[in-house]
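Source file: my_file08.txt (compact mmCIF, C-alpha atoms and all ligand atoms)
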```
# COMPACT_ATOMS: atom_id res chain seq x y z
CA MET J 1 4.05 -17.10 20.54
CA LYS J 2 1.49 -16.60 23.30
CA ILE J 3 -0.99 -13.79 22.62
CA ASP J 4 -2.72 -12.50 25.74
CA ARG J 5 -4.82 -9.76 24.24
CA LEU J 6 -6.06 -8.36 20.92
CA ARG J 7 -7.40 -4.81 20.79
CA ALA J 8 -8.53 -2.54 17.98
CA TYR J 9 -8.67 1.26 17.81
CA PRO J 10 -10.74 2.93 15.09
CA ILE J 11 -9.16 6.26 14.19
CA ALA J 12 -10.12 9.03 11.75
CA ILE J 13 -7.52 11.59 10.70
CA ASP J 14 -8.15 14.26 8.08
CA ARG J 15 -5.92 14.35 5.04
CA SER J 16 -4.02 17.57 4.37
CA GLU J 17 -6.18 18.02 1.26
CA VAL J 18 -8.89 16.17 -0.63
CA PHE J 19 -7.47 13.16 -2.48
CA LYS J 20 -9.22 12.49 -5.78
CA ILE J 21 -8.72 9.48 -8.03
CA ALA J 22 -10.70 8.02 -10.95
CA THR J 23 -12.95 5.99 -8.64
CA GLY J 24 -13.77 8.68 -6.03
CA SER J 25 -12.40 11.22 -3.58
CA SER J 26 -11.88 11.48 0.18
CA LEU J 27 -10.86 14.01 2.82
CA THR J 28 -10.62 11.78 5.88
CA ALA J 29 -8.55 8.63 6.25
CA GLU J 30 -10.03 6.03 8.59
CA ASN J 31 -7.73 3.39 10.00
CA VAL J 32 -8.17 0.62 12.51
CA TYR J 33 -5.05 0.16 14.61
CA VAL J 34 -4.54 -3.36 15.88
CA LYS J 35 -2.62 -4.06 19.08
CA VAL J 36 -1.52 -7.52 20.17
CA ASP J 37 0.06 -8.11 23.58
CA SER J 38 2.23 -10.92 24.83
CA GLY J 39 3.01 -10.34 28.50
CA ASP J 40 4.27 -6.77 28.66
CA ILE J 41 5.44 -6.69 25.02
CA SER J 42 3.16 -5.26 22.32
CA GLY J 43 2.92 -5.26 18.55
CA TRP J 44 1.00 -2.83 16.35
CA GLY J 45 -0.52 -3.12 12.91
CA ASN J 46 -3.13 -1.20 11.01
CA SER J 47 -6.04 -1.98 8.74
CA SER J 48 -7.30 0.51 6.20
CA PRO J 49 -10.95 0.48 5.07
CA ASN J 50 -11.09 0.88 1.31
CA SER J 51 -13.26 0.48 -1.77
CA VAL J 52 -10.92 -2.01 -3.48
CA THR J 53 -11.61 -4.78 -0.96
CA GLY J 54 -14.99 -3.30 0.02
CA GLU J 55 -14.11 -3.17 3.72
CA THR J 56 -15.35 -0.53 6.16
CA THR J 57 -14.23 0.44 9.65
CA GLU J 58 -17.26 -1.44 10.96
CA SER J 59 -16.56 -4.61 8.97
CA ILE J 60 -12.93 -4.59 10.12
CA LEU J 61 -13.95 -4.25 13.78
CA LYS J 62 -16.51 -7.04 13.33
CA MET J 63 -13.91 -9.38 11.85
CA LEU J 64 -11.38 -8.64 14.60
CA ARG J 65 -14.02 -9.17 17.27
CA GLY J 66 -14.88 -12.54 15.71
CA VAL J 67 -11.30 -13.81 15.59
CA LYS J 68 -10.37 -12.88 19.17
CA PRO J 69 -10.69 -16.49 20.45
CA TYR J 70 -8.29 -17.71 17.74
CA VAL J 71 -5.77 -14.92 18.30
CA GLU J 72 -5.73 -14.84 22.11
CA ASN J 73 -3.97 -18.15 22.21
CA GLU J 74 -0.65 -19.84 21.48
CA VAL J 75 -0.22 -18.90 17.80
CA GLU J 76 2.12 -19.45 14.88
CA ILE J 77 1.60 -16.54 12.45
CA THR J 78 1.45 -18.42 9.13
CA SER J 79 -0.91 -21.16 10.27
CA LEU J 80 -3.17 -18.67 12.04
CA TRP J 81 -3.17 -16.57 8.85
CA GLU J 82 -4.14 -19.58 6.71
CA GLU J 83 -6.99 -20.46 9.06
CA LEU J 84 -8.35 -16.91 9.27
CA LYS J 85 -7.97 -16.34 5.52
CA LYS J 86 -10.22 -19.36 4.90
CA LYS J 87 -12.79 -18.20 7.47
CA HIS J 88 -12.76 -14.55 6.37
CA PRO J 89 -11.99 -14.37 2.62
CA GLN J 90 -13.78 -11.00 2.35
CA ASP J 91 -11.71 -9.26 5.05
CA PRO J 92 -8.11 -9.03 3.76
CA SER J 93 -7.50 -5.56 5.20
CA ALA J 94 -8.70 -6.64 8.66
CA LEU J 95 -6.42 -9.67 8.39
CA ALA J 96 -3.55 -7.43 7.24
CA GLY J 97 -3.75 -5.25 10.36
CA LEU J 98 -3.63 -8.32 12.56
CA ASP J 99 -0.83 -9.99 10.58
CA ILE J 100 1.29 -6.83 10.61
CA GLY J 101 0.74 -6.47 14.37
CA LEU J 102 1.79 -10.07 14.95
CA TYR J 103 5.03 -9.58 13.00
CA ASP J 104 5.76 -6.39 14.95
CA LEU J 105 5.18 -8.31 18.18
CA LYS J 106 7.33 -11.26 17.06
CA GLY J 107 10.20 -8.91 16.19
CA ASN J 108 9.86 -7.11 19.50
CA ILE J 109 9.95 -10.42 21.39
CA GLN J 110 12.94 -11.73 19.43
CA GLY J 111 14.81 -8.41 19.47
CA GLU J 112 14.99 -8.30 15.66
CA GLN J 113 13.61 -6.09 12.92
CA VAL J 114 10.89 -7.71 10.79
CA PHE J 115 12.98 -7.70 7.59
CA GLU J 116 15.87 -9.34 9.45
CA MET J 117 13.62 -12.21 10.51
CA HIS J 118 12.86 -12.71 6.82
CA GLY J 119 16.47 -12.57 5.59
CA GLY J 120 16.43 -8.96 4.36
CA LYS J 121 19.12 -6.29 4.37
CA GLU J 122 18.79 -2.72 5.59
CA ARG J 123 18.66 0.18 3.11
CA GLY J 124 16.60 3.25 2.35
CA VAL J 125 13.61 2.72 0.07
CA ILE J 126 12.84 5.29 -2.62
CA THR J 127 9.16 6.15 -2.48
CA ASP J 128 7.12 8.16 -4.90
CA ARG J 129 4.74 10.94 -3.87
CA THR J 130 1.27 10.68 -5.39
CA ILE J 131 -0.52 13.59 -7.03
CA GLY J 132 -4.30 13.15 -7.08
CA ILE J 133 -6.53 14.21 -9.95
CA MET J 134 -6.54 18.02 -10.02
CA PRO J 135 -6.32 20.84 -12.57
CA LEU J 136 -3.14 21.16 -14.62
CA THR J 137 -1.64 24.16 -12.81
CA ASP J 138 -2.25 22.53 -9.41
CA THR J 139 -0.72 19.29 -10.67
CA VAL J 140 2.44 21.13 -11.72
CA GLU J 141 2.61 23.07 -8.43
CA HIS J 142 2.33 19.86 -6.42
CA ALA J 143 5.00 18.19 -8.55
CA ARG J 144 7.38 21.11 -7.98
CA GLU J 145 6.73 21.10 -4.24
CA TYR J 146 7.37 17.36 -3.89
CA VAL J 147 10.56 17.47 -5.94
CA ASP J 148 11.76 20.42 -3.83
CA ARG J 149 11.08 18.30 -0.73
CA GLY J 150 13.37 15.57 -2.06
CA PHE J 151 11.08 13.13 -3.85
CA THR J 152 12.73 11.63 -6.93
CA ALA J 153 9.64 9.77 -8.16
CA LEU J 154 6.12 11.05 -8.76
CA LYS J 155 2.95 9.08 -9.32
CA ILE J 156 0.26 10.99 -11.16
CA LYS J 157 -3.35 9.87 -10.79
CA ILE J 158 -5.28 9.94 -14.06
CA GLY J 159 -8.33 8.25 -15.53
CA LEU J 160 -11.11 10.79 -16.02
CA ASP J 161 -10.11 12.73 -19.16
CA LEU J 162 -7.58 11.28 -21.58
CA LEU J 163 -6.43 14.46 -23.31
CA GLU J 164 -6.29 16.43 -20.08
CA ASP J 165 -4.32 13.61 -18.42
CA ILE J 166 -1.72 13.58 -21.18
CA LYS J 167 -1.39 17.37 -20.89
CA ARG J 168 -0.97 17.11 -17.10
CA VAL J 169 1.77 14.48 -17.38
CA ALA J 170 3.52 16.46 -20.15
CA ALA J 171 3.43 19.62 -18.02
CA VAL J 172 4.90 17.79 -15.03
CA ARG J 173 7.66 16.31 -17.19
CA GLU J 174 8.51 19.79 -18.47
CA GLU J 175 8.50 21.21 -14.92
CA VAL J 176 10.63 18.56 -13.20
CA GLY J 177 13.01 17.60 -16.03
CA ASP J 178 14.30 14.21 -17.11
CA ASP J 179 15.87 13.00 -13.85
CA ILE J 180 12.62 12.58 -11.92
CA ARG J 181 10.85 9.27 -12.45
CA ILE J 182 7.16 9.57 -13.32
CA TRP J 183 4.60 6.81 -13.26
CA VAL J 184 0.85 7.03 -13.65
CA ASP J 185 -2.20 5.26 -12.24
CA ALA J 186 -5.49 5.26 -14.18
CA ASN J 187 -7.44 3.31 -11.51
CA GLN J 188 -9.46 1.44 -14.19
CA GLY J 189 -10.56 4.69 -15.85
CA TYR J 190 -10.06 3.84 -19.52
CA SER J 191 -11.23 1.51 -22.27
CA VAL J 192 -8.75 -0.80 -23.97
CA GLN J 193 -8.40 1.47 -27.00
CA GLU J 194 -8.02 4.60 -24.87
CA SER J 195 -5.39 2.80 -22.79
CA ILE J 196 -3.37 1.85 -25.86
CA THR J 197 -3.43 5.47 -27.09
CA LEU J 198 -2.54 6.67 -23.59
CA CYS J 199 0.46 4.35 -23.33
CA GLN J 200 1.84 5.54 -26.68
CA LYS J 201 1.70 9.15 -25.51
CA LEU J 202 3.14 8.36 -22.09
CA ALA J 203 6.07 6.50 -23.65
CA ASP J 204 7.07 9.76 -25.37
CA LEU J 205 7.05 11.44 -21.96
CA ASP J 206 9.40 8.80 -20.51
CA VAL J 207 6.79 7.49 -18.07
CA VAL J 208 8.12 4.37 -16.33
CA PHE J 209 4.86 2.38 -16.21
CA VAL J 210 1.08 2.71 -16.09
CA GLU J 211 -1.06 1.14 -13.36
CA GLN J 212 -4.39 -0.58 -13.99
CA PRO J 213 -5.62 1.32 -17.07
CA VAL J 214 -8.71 -0.88 -17.59
CA LYS J 215 -11.41 -2.38 -15.36
CA GLU J 216 -10.13 -4.94 -12.87
CA ASP J 217 -12.22 -7.80 -14.31
CA ASP J 218 -11.24 -7.08 -17.92
CA LEU J 219 -8.25 -9.43 -17.94
CA GLU J 220 -8.36 -9.87 -21.70
CA GLY J 221 -8.26 -6.09 -22.10
CA LEU J 222 -5.39 -5.83 -19.63
CA LYS J 223 -3.42 -8.38 -21.65
CA LYS J 224 -4.12 -6.57 -24.92
CA VAL J 225 -2.95 -3.23 -23.52
CA SER J 226 0.16 -4.90 -22.08
CA GLU J 227 0.96 -6.45 -25.45
CA GLU J 228 0.46 -3.22 -27.40
CA SER J 229 2.15 -0.86 -24.96
CA THR J 230 5.86 -0.08 -25.12
CA ILE J 231 5.84 0.92 -21.45
CA PRO J 232 5.13 -1.73 -18.81
CA VAL J 233 1.55 -2.14 -17.61
CA MET J 234 1.05 -2.92 -13.93
CA ALA J 235 -1.94 -4.82 -12.51
CA ASP J 236 -3.24 -3.33 -9.27
CA GLU J 237 -6.96 -3.75 -8.55
CA ALA J 238 -6.88 -6.97 -10.63
CA VAL J 239 -4.44 -8.72 -8.27
CA LYS J 240 -5.52 -9.27 -4.69
CA ASP J 241 -3.74 -12.50 -3.75
CA HIS J 242 -1.04 -14.96 -4.79
CA GLU J 243 -3.45 -17.06 -6.83
CA MET J 244 -4.31 -14.09 -9.03
CA ALA J 245 -0.62 -13.17 -9.18
CA GLU J 246 0.04 -16.69 -10.48
CA LYS J 247 -2.63 -16.27 -13.18
CA ILE J 248 -1.30 -12.85 -14.21
CA CYS J 249 2.26 -14.17 -14.45
CA SER J 250 1.49 -17.50 -16.15
CA GLU J 251 -0.90 -16.01 -18.72
CA GLU J 252 1.20 -12.83 -19.13
CA LEU J 253 -1.81 -10.60 -18.47
CA ALA J 254 0.32 -7.69 -17.24
CA ASP J 255 4.01 -6.82 -17.04
CA MET J 256 4.15 -6.07 -13.31
CA VAL J 257 1.96 -6.22 -10.21
CA ASN J 258 1.22 -3.82 -7.38
CA ILE J 259 1.37 -5.60 -4.02
CA LYS J 260 -0.68 -3.90 -1.34
CA LEU J 261 -0.76 -5.31 2.15
CA MET J 262 -4.44 -4.35 2.52
CA LYS J 263 -5.42 -6.38 -0.55
CA CYS J 264 -3.47 -9.54 0.22
CA GLY J 265 -3.89 -9.88 4.00
CA GLY J 266 -0.61 -8.38 5.22
CA LEU J 267 3.00 -9.54 5.13
CA THR J 268 2.13 -13.24 5.03
CA GLY J 269 -0.02 -12.73 1.93
CA ALA J 270 2.57 -10.42 0.37
CA TRP J 271 5.37 -12.94 0.77
CA LYS J 272 3.19 -15.53 -0.96
CA ILE J 273 2.87 -13.16 -3.94
CA VAL J 274 6.62 -12.49 -3.86
CA ASP J 275 7.25 -16.26 -4.07
CA VAL J 276 5.15 -16.37 -7.28
CA LEU J 277 6.96 -13.35 -8.75
CA GLU J 278 10.33 -14.92 -7.99
CA ASP J 279 9.27 -18.10 -9.82
CA TYR J 280 8.27 -16.13 -12.93
CA GLY J 281 10.87 -13.35 -12.75
CA VAL J 282 8.15 -10.68 -12.65
CA ASP J 283 8.72 -7.31 -10.95
CA ALA J 284 6.45 -5.51 -8.52
CA MET J 285 5.74 -2.32 -6.70
CA VAL J 286 4.61 -2.16 -3.08
CA GLY J 287 1.68 0.23 -2.74
CA CYS J 288 -0.66 1.52 -0.06
CA MET J 289 -4.30 2.50 0.54
CA GLY J 290 -4.60 5.31 3.06
CA GLU J 291 -2.61 3.63 5.80
CA ASP J 292 -0.75 5.28 8.65
CA VAL J 293 2.81 4.48 9.74
CA PRO J 294 2.46 0.83 10.94
CA ALA J 295 1.39 -0.57 7.55
CA ILE J 296 3.75 1.76 5.69
CA ALA J 297 6.64 0.55 7.86
CA ALA J 298 5.53 -3.01 7.10
CA GLY J 299 5.71 -2.13 3.38
CA VAL J 300 9.26 -0.85 3.81
CA ASN J 301 10.21 -4.03 5.69
CA LEU J 302 8.65 -6.08 2.86
CA CYS J 303 10.74 -4.22 0.26
CA LEU J 304 13.93 -5.09 2.11
CA THR J 305 13.24 -8.83 1.85
CA THR J 306 13.15 -9.21 -1.95
CA ASP J 307 14.77 -7.83 -5.10
CA ARG J 308 11.56 -8.34 -7.06
CA ILE J 309 9.97 -5.20 -5.60
CA LYS J 310 11.52 -2.52 -7.77
CA TYR J 311 9.23 0.38 -6.88
CA ALA J 312 7.57 1.72 -3.75
CA ASP J 313 4.45 3.82 -3.52
CA LEU J 314 4.51 4.18 0.26
CA ASP J 315 3.27 7.70 0.75
CA SER J 316 -0.21 7.62 2.29
CA HIS J 317 1.09 8.70 5.71
CA PHE J 318 2.46 11.88 4.12
CA MET J 319 -1.08 12.79 3.11
CA LEU J 320 -2.40 12.77 6.70
CA SER J 321 -2.66 16.05 8.62
CA ASP J 322 -1.33 14.20 11.69
CA MET J 323 0.00 10.73 12.56
CA ALA J 324 -0.57 8.45 15.54
CA PHE J 325 2.79 6.69 15.18
CA ARG J 326 6.39 7.64 14.69
CA GLY J 327 9.31 5.58 13.46
CA LEU J 328 9.76 6.30 9.76
CA GLU J 329 12.17 8.90 8.50
CA PHE J 330 12.08 10.47 5.02
CA LYS J 331 15.52 11.57 3.88
CA GLU J 332 16.90 12.26 0.38
CA GLY J 333 13.88 10.74 -1.35
CA LYS J 334 13.99 7.55 0.72
CA LEU J 335 12.11 6.05 3.64
CA TRP J 336 14.32 4.74 6.45
CA LEU J 337 13.31 2.50 9.31
CA SER J 338 14.18 3.60 12.85
CA GLY J 339 16.40 0.57 13.54
CA GLU J 340 14.25 -0.39 16.53
CA THR J 341 12.90 -3.94 16.78
CA GLY J 342 9.76 -5.21 15.05
CA LEU J 343 8.51 -2.69 12.50
CA GLY J 344 10.57 0.01 14.22
CA ILE J 345 7.52 2.09 15.19
CA GLN J 346 6.26 3.79 18.35
CA VAL J 347 2.65 4.68 19.15
CA ILE J 348 1.84 8.25 20.22
CA GLU J 349 -0.78 7.50 22.88
CA ASP J 350 -2.41 10.94 23.07
CA LYS J 351 -2.99 10.92 19.30
CA LEU J 352 -4.83 7.62 19.63
CA GLU J 353 -7.12 9.29 22.11
CA LYS J 354 -7.48 12.50 20.11
CA TYR J 355 -8.57 10.83 16.86
CA HIS J 356 -10.50 7.90 18.31
CA MET J 357 -13.85 7.19 16.60
CA GLU J 358 -16.72 6.55 18.97
CA LEU J 359 -18.22 3.34 17.59
CA GLU J 360 -20.29 0.49 18.92
CA GLY J 361 -18.69 -2.86 19.58
CA VAL J 362 -15.04 -1.85 19.73
CA VAL J 363 -12.75 -4.85 20.25
MG MG J 401 -3.14 1.75 -8.16
```

Once more with this new file: its structure as structure tokens, please.
Ligand SMILES: [Mg+2]
Amino acid sequence: MKIDRLRAYPIAIDRSEVFKIATGSSLTAENVYVKVDSGDISGWGNSSPNSVTGETTESILKMLRGVKPYVENEVEITSLWEELKKKHPQDPSALAGLDIGLYDLKGNIQGEQVFEMHGGKERGVITDRTIGIMPLTDTVEHAREYVDRGFTALKIKIGLDLLEDIKRVAAVREEVGDDIRIWVDANQGYSVQESITLCQKLADLDVVFVEQPVKEDDLEGLKKVSEESTIPVMADEAVKDHEMAEKICSEELADMVNIKLMKCGGLTGAWKIVDVLEDYGVDAMVGCMGEDVPAIAAGVNLCLTTDRIKYADLDSHFMLSDMAFRGLEFKEGKLWLSGETGLGIQVIEDKLEKYHMELEGVV
């Protein structure tokens, strides 16, 4: 595939409300949109600055600027990915935006959807809707609103106050009834002993699983909680690539993993993790980190290519007050692709202009 031009657009869009989790809170979502052109055909991806990989809008732009000579060339996606991953191990989100854009472009050139190129089958993907850390009555109100809008799964952020968290989850369960699936994410907020207590209480509330209850580097603690808990424990911050996925699976450190395109360098990195999970028979969720439609659409495409991804937390675009892309439809609790080629997305040019960040050294 011949790439003629790589460009990057730093964009800041406010969220509809402040999003608070155990490790911090934010009102604005910054994204770097990545455009790759081959002749008059384009592909789009997006990179999301985040605290998990430690990347900023500036670091993402710097990485993309540095790799231009490698990208604006005759490229094969996987070998380019391997080369750039070695050169830029600290920039997985920047790499993800590029990788996602290249797959969109490849699909657009070949006239196929991305999941089709990877042997997947079309279907709607059930996504949860995440409720940040907020007071109990607000938590319940948000849960009611999301269920009324058609969501059949809720993810509740916890991790700052154990007793309050259990009360919040119990109140949501009472409000929404038994048919709505609830999972929780502690974002490393608890000690091992607190996590074990938490899991016992959550099991009584029919919570499906708990994400990353302990610190990401406490692998022994993660294993202990997983062993003691009757509900599955999912590794999120602890797993950033296929090598860590291999360690988690082989040493049984957690029951499931959360694959995020921004952590693992995009679809290429995600499929490497999926290969590991298929070898070990371990299930996964596909998650997100503040991304807009391109990376969310990539997450949906990823889901369609494997049975190992049992859950989807692909809701960050719903939290934005506006979007710079269209192409995803939410219907009856599921995300549906548009059916167009590539990722099935379309840029809204005037939104790119409206939310553009004025920064030095734009690619
Ligand atoms: Mg998480």

Which of J:Asp179, J:Glu340, J:Glu237, J:Asp14 sits closest to ligand MG 401 (chain J) [using all atoms listed in the file]: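 Checking each of J:Asp179, J:Glu340, J:Glu237, J:Asp14 against ligand MG 401 (chain J), counting all atoms listed in the file, the winner is J:Glu237.
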
Find the residues near Glu83 of chain J: any atom within 12 Å, counting all atoms listed in the file, skip ones fewer than 6 places away on the same chain, and give them as a short mmCIF file (atom, residue, chain, number, x, y, z; two decimals) with C-alpha atoms, in the coordinates of the input.
```cif
data_model
loop_
_atom_site.label_atom_id
_atom_site.label_comp_id
_atom_site.auth_asym_id
_atom_site.auth_seq_id
_atom_site.Cartn_x
_atom_site.Cartn_y
_atom_site.Cartn_z
CA VAL J 67 -11.30 -13.81 15.59
CA TYR J 70 -8.29 -17.71 17.74
CA VAL J 71 -5.77 -14.92 18.30
CA VAL J 75 -0.22 -18.90 17.80
CA GLU J 76 2.12 -19.45 14.88
CA ILE J 77 1.60 -16.54 12.45
CA PRO J 89 -11.99 -14.37 2.62
CA LEU J 95 -6.42 -9.67 8.39
#
```

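Distances here use all atoms listed in the file; by that measure, the residue among J:Thr127, J:Ser59, J:Thr23, J:Asn301 closest to ligand MG 401 (chain J) is J:Thr23.
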
Near-Trp271 of chain J list (12 Å; only C-alpha atoms; drop same-chain fewer than 4 positions) as a PyMOL selection string: chain J and resi 78+99+115+118+241-242+245+259-261+264-267+275-278+284+286+298-299+301-306+308-309

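Closest to Gln113 of chain J among J:Leu337, J:Asp148, J:Glu175, J:Asp37 is J:Leu337, based on all atoms listed in the file.
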
Which value, in Å to one decimal, gives the distance between atom CA of Lys263 of chain J and atom CA of Gly101 of chain J? 16.1 Å

Spatial neighbours of Ala22 of chain J, 7 Å, all atoms listed in the file, chain gap at least 3 places, as a CSV table (one decimal) with C-alpha atoms, keeping the file's coordinate frame:
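The resulting file, around-v1.csv, is shown below:
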```
chain,number,residue,atom,x,y,z
J,158,ILE,CA,-5.3,9.9,-14.1
J,159,GLY,CA,-8.3,8.2,-15.5
J,160,LEU,CA,-11.1,10.8,-16.0
J,186,ALA,CA,-5.5,5.3,-14.2
J,187,ASN,CA,-7.4,3.3,-11.5
J,189,GLY,CA,-10.6,4.7,-15.8
```

Neighbourhood of ligand MG 401 (chain J) at 8 Å, counting all atoms listed in the file, reported as a list of chain:residue names: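 So the residues close to ligand MG 401 (chain J) are J:Asp185, J:Ala186, J:Asn187, J:Glu211, J:Gln212, J:Ala235, J:Asp236, J:Glu237, J:Asn258, J:Gly287.
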
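What separates atom CA of Val169 of chain J from atom CA of Ile156 of chain J is a distance of 7.3 Å.
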
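Nearest to Ser26 of chain J of all the residues J:Gly150, J:Pro294, J:Gly327, J:Gly132 is J:Gly132, counting only C-alpha atoms.
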
Find the spatial neighbours of Trp336 of chain J, counting all atoms listed in the file, within a cut-off of 12 Å - ignore same-chain residues fewer than 3 positions away - and output them as a ChimeraX atom specification. /J:122-127,293,296-301,303-304,314,326-333,339-340,343-345

With C-alpha atoms retained, could you export that selection as a tab-separated table (two decimals), in the coordinates of the input?
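Saved result, again31.tsv, follows:
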```tsv
chain	number	residue	atom	x	y	z
J	122	GLU	CA	18.79	-2.72	5.59
J	123	ARG	CA	18.66	0.18	3.11
J	124	GLY	CA	16.60	3.25	2.35
J	125	VAL	CA	13.61	2.72	0.07
J	126	ILE	CA	12.84	5.29	-2.62
J	127	THR	CA	9.16	6.15	-2.48
J	293	VAL	CA	2.81	4.48	9.74
J	296	ILE	CA	3.75	1.76	5.69
J	297	ALA	CA	6.64	0.55	7.86
J	298	ALA	CA	5.53	-3.01	7.10
J	299	GLY	CA	5.71	-2.13	3.38
J	300	VAL	CA	9.26	-0.85	3.81
J	301	ASN	CA	10.21	-4.03	5.69
J	303	CYS	CA	10.74	-4.22	0.26
J	304	LEU	CA	13.93	-5.09	2.11
J	314	LEU	CA	4.51	4.18	0.26
J	326	ARG	CA	6.39	7.64	14.69
J	327	GLY	CA	9.31	5.58	13.46
J	328	LEU	CA	9.76	6.30	9.76
J	329	GLU	CA	12.17	8.90	8.50
J	330	PHE	CA	12.08	10.47	5.02
J	331	LYS	CA	15.52	11.57	3.88
J	332	GLU	CA	16.90	12.26	0.38
J	333	GLY	CA	13.88	10.74	-1.35
J	339	GLY	CA	16.40	0.57	13.54
J	340	GLU	CA	14.25	-0.39	16.53
J	343	LEU	CA	8.51	-2.69	12.50
J	344	GLY	CA	10.57	0.01	14.22
J	345	ILE	CA	7.52	2.09	15.19
```

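Minimum atom-to-atom distances from J:Ile100, J:Ser47, J:Leu335, J:Leu105 to Asp4 of chain J were compared using all atoms listed in the file, and the lowest value belongs to J:Leu105.
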
Show me the residues close to (-2.4, 0.1, 17.4) - anything with an atom within 6 Å, counting only C-alpha atoms - and format the list as a PyMOL selection string. chain J and resi 33-35+44-45

Which one is closest to Val147 of chain J: J:Leu61, J:Val172, J:Val363, J:Leu163? Count only C-alpha atoms.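 Selected residue with least distance to Val147 of chain J: J:Val172.
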
Which protein, DNA or RNA residues have an atom at most 9 Å from (0.2, 12.8, 8.7), counting all atoms listed in the file? List them as a list in words.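 Output of the proximity query reads Ile13, Asp14, Arg15, Ser16, Asp292, Val293, Ser316, His317, Phe318, Met319, Leu320, Ser321, Asp322, Met323 and Ala324 of chain J.
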
Distance in Å - atom CA of Lys87 of chain J versus atom CA of Ile60 of chain J: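 Going from atom CA of Lys87 of chain J over to atom CA of Ile60 of chain J covers 13.9 Å.
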
Set the distance at 10 Å and use all atoms listed in the file: which residues neighbour Ser195 of chain J once local chain neighbours fewer than 5 positions away are removed? I'd like the list as a PyMOL selection string. chain J and resi 159+162+186+188-190+200-201+210+212-214+221-222+224-226+228-229+233
